[in-house]
Amino acid sequence: MSAPIAKKIYRIHELAKELDRRPLTIKRWESAGLIPKARRDTRGWRYYTEDDVRNLVKIVKENNYFSKLAQY
């Protein structure tokens, strides 16, 4: 039996790149409750799974967070 394939883990800067936003914007969206809170590793750093990234991109697009006003 082979080991399960590890899924990619994204850090906030990688998520920010996917969304074409700064990490601070993502933190503000999280603080405002516009997106779900990120998971944290043992150091307290935010991380996101591939499923989290897909879900967050969907939320951001559906709610038009890409507008100029939503960029904080």
# chains A, B, ... in the order shown; residues from 1 in each chain; ligands from 1

$ residues_around --residues "A:Leu19" --least-positions-apart "2" --cutoff "12 Å" --atoms "only C-alpha atoms" --output "list in words"
Ile12, His13, Glu14, Leu15, Ala16, Lys17, Arg21, Arg22, Pro23, Thr25, Ile26, Val53, Arg54, Asn55, Leu56, Val57, Lys58, Ile59, Val60, Lys61, Asn64, Tyr65, Phe66 and Gln71 of chain A

$ select_by_dssp --residues "chain A" --states "alpha helix (DSSP H)" --output "ChimeraX atom specification"
/A:12-19,23-31,50-62

$ atom_distance --atom1 "atom CA of A:Arg40" --atom2 "atom CA of A:Lys7"
16.2 Å

$ atom_distance --atom1 "atom CA of A:Arg43" --atom2 "atom CA of A:Asp20"
25.6 Å

$ select_by_dssp --residues "chain A" --states "strand (DSSP E)" --output "list in words"
Ile9, Tyr10, Arg11, Arg39, Arg40, Arg46, Tyr47, Tyr48 and Thr49 of chain A

$ decode --residues "stretch 38-59 of chain A" --atoms "N, CA and C atoms" --output "compact mmCIF listing (two decimals), in the first residue's frame"
# COMPACT_ATOMS: atom_id res chain seq x y z
N ALA A 38 -8.56 31.46 8.97
CA ALA A 38 -7.59 30.48 8.47
C ALA A 38 -7.25 29.47 9.56
N ARG A 39 -6.82 28.32 9.13
CA ARG A 39 -6.26 27.34 10.06
C ARG A 39 -4.89 27.87 10.49
N ARG A 40 -4.41 27.40 11.64
CA ARG A 40 -3.11 27.83 12.13
C ARG A 40 -2.24 26.61 12.42
N ASP A 41 -0.95 26.75 12.13
CA ASP A 41 -0.04 25.66 12.47
C ASP A 41 0.45 25.84 13.91
N THR A 42 1.38 25.03 14.35
CA THR A 42 1.85 25.08 15.74
C THR A 42 2.55 26.40 16.08
N ARG A 43 3.01 27.10 15.05
CA ARG A 43 3.65 28.41 15.27
C ARG A 43 2.65 29.55 15.26
N GLY A 44 1.39 29.23 14.90
CA GLY A 44 0.36 30.26 14.82
C GLY A 44 0.26 30.89 13.44
N TRP A 45 1.01 30.38 12.48
CA TRP A 45 0.97 30.91 11.11
C TRP A 45 -0.26 30.40 10.39
N ARG A 46 -0.85 31.27 9.59
CA ARG A 46 -2.00 30.87 8.79
C ARG A 46 -1.56 29.91 7.69
N TYR A 47 -2.43 28.94 7.42
CA TYR A 47 -2.21 28.08 6.25
C TYR A 47 -3.55 27.67 5.68
N TYR A 48 -3.53 27.33 4.41
CA TYR A 48 -4.74 27.01 3.66
C TYR A 48 -4.49 25.75 2.84
N THR A 49 -5.49 24.89 2.77
CA THR A 49 -5.41 23.71 1.91
C THR A 49 -5.86 24.11 0.51
N GLU A 50 -5.68 23.21 -0.44
CA GLU A 50 -6.15 23.46 -1.81
C GLU A 50 -7.65 23.73 -1.81
N ASP A 51 -8.39 22.95 -1.00
CA ASP A 51 -9.85 23.15 -0.91
C ASP A 51 -10.18 24.52 -0.32
N ASP A 52 -9.43 24.94 0.69
CA ASP A 52 -9.63 26.27 1.29
C ASP A 52 -9.43 27.36 0.24
N VAL A 53 -8.36 27.24 -0.54
CA VAL A 53 -8.06 28.25 -1.56
C VAL A 53 -9.18 28.32 -2.59
N ARG A 54 -9.63 27.16 -3.07
CA ARG A 54 -10.74 27.14 -4.04
C ARG A 54 -11.98 27.81 -3.44
N ASN A 55 -12.30 27.48 -2.19
CA ASN A 55 -13.46 28.04 -1.53
C ASN A 55 -13.33 29.55 -1.34
N LEU A 56 -12.15 30.01 -0.93
CA LEU A 56 -11.94 31.44 -0.72
C LEU A 56 -12.01 32.22 -2.02
N VAL A 57 -11.44 31.68 -3.08
CA VAL A 57 -11.53 32.34 -4.39
C VAL A 57 -12.99 32.46 -4.80
N LYS A 58 -13.75 31.42 -4.60
CA LYS A 58 -15.18 31.42 -4.93
C LYS A 58 -15.92 32.49 -4.12
N ILE A 59 -15.68 32.54 -2.81
CA ILE A 59 -16.33 33.53 -1.94
C ILE A 59 -15.99 34.95 -2.39
